[in-house]
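Working notes, beginning with the structure itself.
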Amino acid sequence: MKTVAVIPAFNEASVIAEVVTETLEYVDLVIVVDDGSRDDTAKVAKSAGAEVLRHVIQRGVGRSTSTGLQAALLVGADFIVTIDADGQHLPSEIESVLEPLRDDKADLVIGSRVLDRKRMPLLRRMGNRFANFWTWILLGVAVSDSQSGFRAYTRDAAKRLPLDARGYEFCSLTLGEAIRIGLRIFEVPITVIYTEYSRSKGQGFFTSVKTLGQITKESLR
Amino acid sequence: MTLIQWGFILVFGSLVLRLIWLIYRGAVPRRRGAIWLVLWSLGVMVVAKPELSTKLASWLGVARGADAISYVAIAFLSILIFRAFQLIEIQDRQISELTTALALKEWADGREMMLKDDA
C-alpha cells in the first residue's frame with residue numbers, strides 16, 4: 001500500500017527540510033506544494049527529498065492541499081496524509097493517524113489536538129472551540145478539532161472530496177462534504193509542538209474571523 | 001437647460017454613442033448592450049426632462065423626483081456590486097483551477113524528463 005504525504009507550504013524555507021526528512025521516514029513519498037513562496041521553500045524541500053509542485057501565485061492552504069491531493073492520486077497513493085509545514089506536527093504520529101484507515105474503520109482521519117488543548121495558546125484554543133461550534137451549527141459535523149491540518153484520506157475519499165476552498169475554511173468544508181457523501185470520519189489524538197515559529201504561522205485572530213466568514217458563506221451555497 | 005444638465009447629457013450621450021459603436025463592432029453582446037443602451041438613454045431623457053423623474057416618483061409613491069432617482073440608483077448599484085462580486089468569485093475559482101493545472105503540468109513534465117534521463 002502506497003502512502004504519500006502532502007505538505008502545503010508558504011515561505012517555510014527555514015523549517016521545511018526537517019519536516020520533509022522526518023516525514024520521509026514514515027511514508028513512501030512526500031509531496032510539497034509550494035504556494036507561491038517568496039523564499040527558497042521549493043528548493044530546500046526538493047533537496048530534502050520531496051517532490052515539489054509550485055503554485056505560480058499564492059492560492060491559500062486549501063487550494064495547495066487540493067493540488068497536493070491530486071498529485072498524490074496521480075502517483076497512485078492508496079493513503080494520503082496531510083501535515084503542516086511549520087513543524088507543529090510529529091511525523092512519528094503518522095502511523096497512528098493512518099491506523100483507522102488501514103483497519104478500514106474510517107475514510108478520513110483527523111489528527112485531533114484536543115488532548116493537548118491545554119498547551120494551545122489561549123486565543124487559538126478559543127478560536128478552535130468556536131470553529132468547532134460553527135462547523136457543527138452550519139455543517140452538522142461534530143468533531144473535537146475541525147481545523148487540524150494533520151489528516152489522512154483513503155484514495156477513494158481523496159477522489160470523492162471536491163476541495164474548492166482556498167483558505168483554512170477548507171478544513172471545515174471538507175468535513176461537511178465528507179458527511180454529506182457518507183464518508184466515515186475518525187479522530188485520533190495527536191501531539192502539537194508550539195514554537196515561536198509555529199505560533200506565528202497558522203490561523204491568527206483575523207485569519208480565524210475570515211475563515212468563519214468563508215465557512216458561513218460556503219455553507220449557505 | 002442649465003450647465004449641469006448639458007454636462008450630464010454630454011456624458012450620457014457619449015456613452016450611448018460609444019455603446020452603439022461597441023455593439024456594432026460586436027465587442028459587447030447585443031442583449032447586454034441593449035440593456036445598457038436603455039439605461040443610458042433613460043439617463044439622457046431624465047436629465048433633459050427632469051419632470052420625468054417627478055412622474056416616476058409619483059408612480060413609485062415617493063415624494064420627490066430626486067428621491068426616486070436616488071432609490072433607483074441605489075437598487076441598480078446594489079445589483080451591479082452583487083454581480084461584480086459574483087464575477088470576481090467565478091474568476092477567482094478559475095484562477096485557482098488554472099494554478100493547480102499549471103503546477104501539476106510542470107511537475108508531471110519534470111517527472112517525465114527525469115524518467116527519460118534515468119532510462
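Ligands are numbered from 1 in the order shown, chains are lettered A, B, ... in the order of the C-alpha cells, and residues start at 1 in each chain.
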How would you write, as a PDB file with N, CA and C atoms, in the first residue's frame, the set of residues in segment 28-191 of chain A that DSSP gives as strand (DSSP E or B)?
```
ATOM      1  N   LEU A  29       6.387   8.604  -0.139  1.00  0.00           N
ATOM      2  CA  LEU A  29       6.702   9.795  -0.932  1.00  0.00           C
ATOM      3  C   LEU A  29       6.173  11.041  -0.218  1.00  0.00           C
ATOM      4  N   VAL A  30       6.940  12.114  -0.292  1.00  0.00           N
ATOM      5  CA  VAL A  30       6.471  13.391   0.267  1.00  0.00           C
ATOM      6  C   VAL A  30       6.284  14.386  -0.877  1.00  0.00           C
ATOM      7  N   ILE A  31       5.096  14.948  -0.935  1.00  0.00           N
ATOM      8  CA  ILE A  31       4.815  15.978  -1.947  1.00  0.00           C
ATOM      9  C   ILE A  31       4.654  17.315  -1.238  1.00  0.00           C
ATOM     10  N   VAL A  32       5.502  18.256  -1.582  1.00  0.00           N
ATOM     11  CA  VAL A  32       5.378  19.601  -1.015  1.00  0.00           C
ATOM     12  C   VAL A  32       4.747  20.506  -2.082  1.00  0.00           C
ATOM     13  N   VAL A  33       3.697  21.204  -1.695  1.00  0.00           N
ATOM     14  CA  VAL A  33       3.103  22.164  -2.626  1.00  0.00           C
ATOM     15  C   VAL A  33       3.517  23.555  -2.162  1.00  0.00           C
ATOM     16  N   ASP A  34       4.404  24.151  -2.936  1.00  0.00           N
ATOM     17  CA  ASP A  34       4.888  25.486  -2.604  1.00  0.00           C
ATOM     18  C   ASP A  34       3.885  26.500  -3.139  1.00  0.00           C
ATOM     19  N   GLU A  51       9.031  15.635  -3.567  1.00  0.00           N
ATOM     20  CA  GLU A  51       8.566  16.026  -4.900  1.00  0.00           C
ATOM     21  C   GLU A  51       7.922  17.395  -4.686  1.00  0.00           C
ATOM     22  N   VAL A  52       8.243  18.355  -5.530  1.00  0.00           N
ATOM     23  CA  VAL A  52       7.723  19.710  -5.287  1.00  0.00           C
ATOM     24  C   VAL A  52       6.847  20.201  -6.440  1.00  0.00           C
ATOM     25  N   LEU A  53       5.686  20.670  -6.067  1.00  0.00           N
ATOM     26  CA  LEU A  53       4.799  21.322  -7.038  1.00  0.00           C
ATOM     27  C   LEU A  53       4.749  22.790  -6.667  1.00  0.00           C
ATOM     28  N   ARG A  54       4.734  23.640  -7.688  1.00  0.00           N
ATOM     29  CA  ARG A  54       4.767  25.083  -7.390  1.00  0.00           C
ATOM     30  C   ARG A  54       3.539  25.807  -7.913  1.00  0.00           C
ATOM     31  N   PHE A  79      -3.070   5.704   0.469  1.00  0.00           N
ATOM     32  CA  PHE A  79      -3.390   6.535   1.622  1.00  0.00           C
ATOM     33  C   PHE A  79      -2.639   7.859   1.488  1.00  0.00           C
ATOM     34  N   ILE A  80      -3.322   8.931   1.836  1.00  0.00           N
ATOM     35  CA  ILE A  80      -2.676  10.250   1.741  1.00  0.00           C
ATOM     36  C   ILE A  80      -2.762  10.950   3.100  1.00  0.00           C
ATOM     37  N   VAL A  81      -1.618  11.396   3.560  1.00  0.00           N
ATOM     38  CA  VAL A  81      -1.569  12.132   4.838  1.00  0.00           C
ATOM     39  C   VAL A  81      -1.257  13.586   4.528  1.00  0.00           C
ATOM     40  N   THR A  82      -1.971  14.501   5.169  1.00  0.00           N
ATOM     41  CA  THR A  82      -1.595  15.914   5.036  1.00  0.00           C
ATOM     42  C   THR A  82      -1.021  16.367   6.381  1.00  0.00           C
ATOM     43  N   HIS A  89       3.513  19.452  13.786  1.00  0.00           N
ATOM     44  CA  HIS A  89       3.080  18.058  13.919  1.00  0.00           C
ATOM     45  C   HIS A  89       4.271  17.117  13.993  1.00  0.00           C
ATOM     46  N   LEU A 108     -11.649   9.025   6.423  1.00  0.00           N
ATOM     47  CA  LEU A 108     -10.930  10.285   6.664  1.00  0.00           C
ATOM     48  C   LEU A 108     -10.597  10.340   8.160  1.00  0.00           C
ATOM     49  N   VAL A 109      -9.346  10.563   8.458  1.00  0.00           N
ATOM     50  CA  VAL A 109      -8.948  10.629   9.870  1.00  0.00           C
ATOM     51  C   VAL A 109      -8.438  12.038  10.193  1.00  0.00           C
ATOM     52  N   ILE A 110      -8.900  12.567  11.314  1.00  0.00           N
ATOM     53  CA  ILE A 110      -8.427  13.886  11.764  1.00  0.00           C
ATOM     54  C   ILE A 110      -7.477  13.670  12.939  1.00  0.00           C
ATOM     55  N   GLY A 111      -6.300  14.242  12.829  1.00  0.00           N
ATOM     56  CA  GLY A 111      -5.387  14.235  13.968  1.00  0.00           C
ATOM     57  C   GLY A 111      -5.837  15.337  14.905  1.00  0.00           C
ATOM     58  N   SER A 112      -6.432  14.967  16.021  1.00  0.00           N
ATOM     59  CA  SER A 112      -7.048  15.966  16.899  1.00  0.00           C
ATOM     60  C   SER A 112      -6.092  16.469  17.976  1.00  0.00           C
ATOM     61  N   ARG A 151      -4.167  15.233   8.749  1.00  0.00           N
ATOM     62  CA  ARG A 151      -5.288  14.374   8.376  1.00  0.00           C
ATOM     63  C   ARG A 151      -4.816  13.238   7.499  1.00  0.00           C
ATOM     64  N   ALA A 152      -5.660  12.253   7.360  1.00  0.00           N
ATOM     65  CA  ALA A 152      -5.342  11.151   6.440  1.00  0.00           C
ATOM     66  C   ALA A 152      -6.590  10.783   5.659  1.00  0.00           C
ATOM     67  N   TYR A 153      -6.395  10.489   4.387  1.00  0.00           N
ATOM     68  CA  TYR A 153      -7.514  10.155   3.499  1.00  0.00           C
ATOM     69  C   TYR A 153      -7.229   8.821   2.811  1.00  0.00           C
ATOM     70  N   THR A 154      -8.277   8.068   2.563  1.00  0.00           N
ATOM     71  CA  THR A 154      -8.107   6.909   1.680  1.00  0.00           C
ATOM     72  C   THR A 154      -8.098   7.470   0.260  1.00  0.00           C
ATOM     73  N   ILE A 185     -15.723   9.396   9.334  1.00  0.00           N
ATOM     74  CA  ILE A 185     -14.679  10.267   9.918  1.00  0.00           C
ATOM     75  C   ILE A 185     -14.267   9.714  11.278  1.00  0.00           C
ATOM     76  N   PHE A 186     -12.986   9.709  11.523  1.00  0.00           N
ATOM     77  CA  PHE A 186     -12.457   9.182  12.777  1.00  0.00           C
ATOM     78  C   PHE A 186     -11.438  10.187  13.316  1.00  0.00           C
ATOM     79  N   GLU A 187     -11.385  10.314  14.617  1.00  0.00           N
ATOM     80  CA  GLU A 187     -10.398  11.235  15.209  1.00  0.00           C
ATOM     81  C   GLU A 187      -9.364  10.479  16.029  1.00  0.00           C
ATOM     82  N   VAL A 188      -8.133  10.915  15.878  1.00  0.00           N
ATOM     83  CA  VAL A 188      -7.030  10.302  16.611  1.00  0.00           C
ATOM     84  C   VAL A 188      -6.287  11.407  17.347  1.00  0.00           C
ATOM     85  N   PRO A 189      -5.986  11.218  18.624  1.00  0.00           N
ATOM     86  CA  PRO A 189      -5.256  12.295  19.323  1.00  0.00           C
ATOM     87  C   PRO A 189      -3.827  12.450  18.805  1.00  0.00           C
TER      88      PRO A 189
END
```
Closest atom pairs, residues of chain A within 9 Å of chain B, only C-alpha atoms, as CSV:
```
residue,atom,partner,partner_atom,distance
A:Val33,CA,B:Ala103,CA,8.6
A:Glu51,CA,B:Trp107,CA,8.3
A:Val52,CA,B:Trp107,CA,7.2
A:Leu53,CA,B:Ala103,CA,5.5
A:Arg54,CA,B:Ala103,CA,5.2
A:His55,CA,B:Ala103,CA,5.6
A:Val56,CA,B:Thr99,CA,6.5
A:Ile57,CA,B:Thr99,CA,7.2
A:Gln58,CA,B:Thr99,CA,8.9
A:Arg59,CA,B:Ser96,CA,6.3
A:Arg63,CA,B:Ser96,CA,7.0
A:Ser64,CA,B:Thr100,CA,7.9
A:Ser66,CA,B:Thr100,CA,8.1
A:Thr67,CA,B:Thr100,CA,5.4
A:Gly68,CA,B:Leu104,CA,8.8
A:Gln70,CA,B:Leu104,CA,8.2
A:Ala71,CA,B:Leu104,CA,6.7
A:Asp164,CA,B:Arg93,CA,7.6
A:Ala165,CA,B:Arg93,CA,8.7
A:Arg166,CA,B:Ser96,CA,7.9
```
Which residues come within 8 Å of Ala48 of chain B, counting only C-alpha atoms, excluding same-chain residues fewer than 3 positions away, as an MDAnalysis selection string? chainID B and resid 1 5 9 44:45
Shell around Leu139 of chain A at 10 Å using only C-alpha atoms, local window under 5 positions removed, as a VMD selection string: chain A and resid 133 to 134 172 to 177 179 to 180 215 to 216 219 to 220
When you draw a straight line from atom CA of Leu123 of chain A to atom CA of Gly167 of chain A, how long is it in Å? 19.3 Å
Helix (DSSP H, G or I) per DSSP on the backbone: members of segment 1-97 of chain A, as a PyMOL selection string: chain A and resi 16-24+41-47+61-74+91-97
Hey, can you check how far atom CA of Ser53 of chain B sits from atom CA of Ile35 of chain B? 19.4 Å
Best match for closeness to Lys210 of chain A among A:Val75, A:Phe150, A:Glu169, A:Ala45, counting only C-alpha atoms: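 Going through A:Val75, A:Phe150, A:Glu169, A:Ala45 one by one, the smallest distance to Lys210 of chain A is for A:Glu169.
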Using only C-alpha atoms, which residues sit within 12 Å of Val11 of chain B once same-chain residues fewer than 6 positions away are excluded, as a PDB file with all heavy atoms, in the first residue's frame?
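Here's the written file result-v9.pdb:
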```pdb
ATOM      1  N   ILE B   4     -25.259  72.139 -15.750  1.00  0.00           N
ATOM      2  CA  ILE B   4     -25.070  70.764 -15.238  1.00  0.00           C
ATOM      3  C   ILE B   4     -25.868  69.759 -16.089  1.00  0.00           C
ATOM      4  O   ILE B   4     -25.419  68.641 -16.338  1.00  0.00           O
ATOM      5  CB  ILE B   4     -25.416  70.676 -13.735  1.00  0.00           C
ATOM      6  CG1 ILE B   4     -24.845  69.367 -13.165  1.00  0.00           C
ATOM      7  CG2 ILE B   4     -26.916  70.739 -13.453  1.00  0.00           C
ATOM      8  CD1 ILE B   4     -24.687  69.362 -11.683  1.00  0.00           C
ATOM      9  N   GLN B   5     -27.032  70.209 -16.567  1.00  0.00           N
ATOM     10  CA  GLN B   5     -27.820  69.325 -17.436  1.00  0.00           C
ATOM     11  C   GLN B   5     -27.067  69.028 -18.736  1.00  0.00           C
ATOM     12  O   GLN B   5     -26.984  67.896 -19.184  1.00  0.00           O
ATOM     13  CB  GLN B   5     -29.174  69.976 -17.760  1.00  0.00           C
ATOM     14  CG  GLN B   5     -30.209  69.797 -16.661  1.00  0.00           C
ATOM     15  CD  GLN B   5     -31.496  70.527 -16.993  1.00  0.00           C
ATOM     16  OE1 GLN B   5     -31.505  71.745 -17.155  1.00  0.00           O
ATOM     17  NE2 GLN B   5     -32.584  69.780 -17.097  1.00  0.00           N
ATOM     18  N   LEU B  17     -23.381  56.730 -27.562  1.00  0.00           N
ATOM     19  CA  LEU B  17     -22.720  56.609 -28.869  1.00  0.00           C
ATOM     20  C   LEU B  17     -21.629  55.537 -28.855  1.00  0.00           C
ATOM     21  O   LEU B  17     -21.501  54.725 -29.767  1.00  0.00           O
ATOM     22  CB  LEU B  17     -22.121  57.957 -29.284  1.00  0.00           C
ATOM     23  CG  LEU B  17     -23.153  59.037 -29.656  1.00  0.00           C
ATOM     24  CD1 LEU B  17     -22.457  60.354 -29.956  1.00  0.00           C
ATOM     25  CD2 LEU B  17     -23.994  58.606 -30.854  1.00  0.00           C
ATOM     26  N   ARG B  18     -20.842  55.556 -27.773  1.00  0.00           N
ATOM     27  CA  ARG B  18     -19.749  54.574 -27.640  1.00  0.00           C
ATOM     28  C   ARG B  18     -20.318  53.146 -27.594  1.00  0.00           C
ATOM     29  O   ARG B  18     -19.780  52.235 -28.203  1.00  0.00           O
ATOM     30  CB  ARG B  18     -18.956  54.874 -26.360  1.00  0.00           C
ATOM     31  CG  ARG B  18     -17.955  53.830 -25.965  1.00  0.00           C
ATOM     32  CD  ARG B  18     -16.539  54.351 -26.084  1.00  0.00           C
ATOM     33  NE  ARG B  18     -15.583  53.301 -25.737  1.00  0.00           N
ATOM     34  CZ  ARG B  18     -14.791  52.733 -26.619  1.00  0.00           C
ATOM     35  NH1 ARG B  18     -14.821  53.080 -27.881  1.00  0.00           N
ATOM     36  NH2 ARG B  18     -13.943  51.798 -26.250  1.00  0.00           N
ATOM     37  N   TRP B  40     -28.719  54.136 -20.308  1.00  0.00           N
ATOM     38  CA  TRP B  40     -28.070  55.420 -20.588  1.00  0.00           C
ATOM     39  C   TRP B  40     -29.035  56.375 -21.291  1.00  0.00           C
ATOM     40  O   TRP B  40     -29.015  57.581 -21.048  1.00  0.00           O
ATOM     41  CB  TRP B  40     -26.802  55.231 -21.439  1.00  0.00           C
ATOM     42  CG  TRP B  40     -25.703  54.489 -20.724  1.00  0.00           C
ATOM     43  CD1 TRP B  40     -25.007  53.409 -21.194  1.00  0.00           C
ATOM     44  CD2 TRP B  40     -25.168  54.763 -19.429  1.00  0.00           C
ATOM     45  NE1 TRP B  40     -24.090  52.981 -20.269  1.00  0.00           N
ATOM     46  CE2 TRP B  40     -24.155  53.798 -19.177  1.00  0.00           C
ATOM     47  CE3 TRP B  40     -25.443  55.705 -18.443  1.00  0.00           C
ATOM     48  CZ2 TRP B  40     -23.431  53.758 -17.995  1.00  0.00           C
ATOM     49  CZ3 TRP B  40     -24.712  55.668 -17.257  1.00  0.00           C
ATOM     50  CH2 TRP B  40     -23.724  54.708 -17.046  1.00  0.00           C
ATOM     51  N   SER B  41     -29.883  55.819 -22.159  1.00  0.00           N
ATOM     52  CA  SER B  41     -30.857  56.675 -22.843  1.00  0.00           C
ATOM     53  C   SER B  41     -31.846  57.262 -21.836  1.00  0.00           C
ATOM     54  O   SER B  41     -32.218  58.438 -21.929  1.00  0.00           O
ATOM     55  CB  SER B  41     -31.626  55.883 -23.902  1.00  0.00           C
ATOM     56  OG  SER B  41     -30.721  55.273 -24.778  1.00  0.00           O
ATOM     57  N   GLY B  43     -31.151  57.876 -18.825  1.00  0.00           N
ATOM     58  CA  GLY B  43     -30.360  58.906 -18.144  1.00  0.00           C
ATOM     59  C   GLY B  43     -30.443  60.220 -18.902  1.00  0.00           C
ATOM     60  O   GLY B  43     -30.689  61.282 -18.309  1.00  0.00           O
ATOM     61  N   VAL B  44     -30.230  60.159 -20.220  1.00  0.00           N
ATOM     62  CA  VAL B  44     -30.282  61.368 -21.063  1.00  0.00           C
ATOM     63  C   VAL B  44     -31.672  62.008 -20.947  1.00  0.00           C
ATOM     64  O   VAL B  44     -31.805  63.225 -20.752  1.00  0.00           O
ATOM     65  CB  VAL B  44     -29.976  61.012 -22.544  1.00  0.00           C
ATOM     66  CG1 VAL B  44     -30.161  62.243 -23.438  1.00  0.00           C
ATOM     67  CG2 VAL B  44     -28.560  60.488 -22.679  1.00  0.00           C
ATOM     68  N   VAL B  47     -32.348  63.638 -17.519  1.00  0.00           N
ATOM     69  CA  VAL B  47     -31.582  64.882 -17.347  1.00  0.00           C
ATOM     70  C   VAL B  47     -32.196  65.986 -18.208  1.00  0.00           C
ATOM     71  O   VAL B  47     -32.374  67.132 -17.753  1.00  0.00           O
ATOM     72  CB  VAL B  47     -30.088  64.671 -17.702  1.00  0.00           C
ATOM     73  CG1 VAL B  47     -29.349  66.000 -17.698  1.00  0.00           C
ATOM     74  CG2 VAL B  47     -29.452  63.713 -16.715  1.00  0.00           C
TER      75      VAL B  47
END
```
May I have the residues within 10 Å of Ile20 of chain B as an MDAnalysis selection string, using only C-alpha atoms and disregarding those fewer than 4 positions away in the same chain? chainID B and resid 14:16 24:26 28 30 33:34 36:37
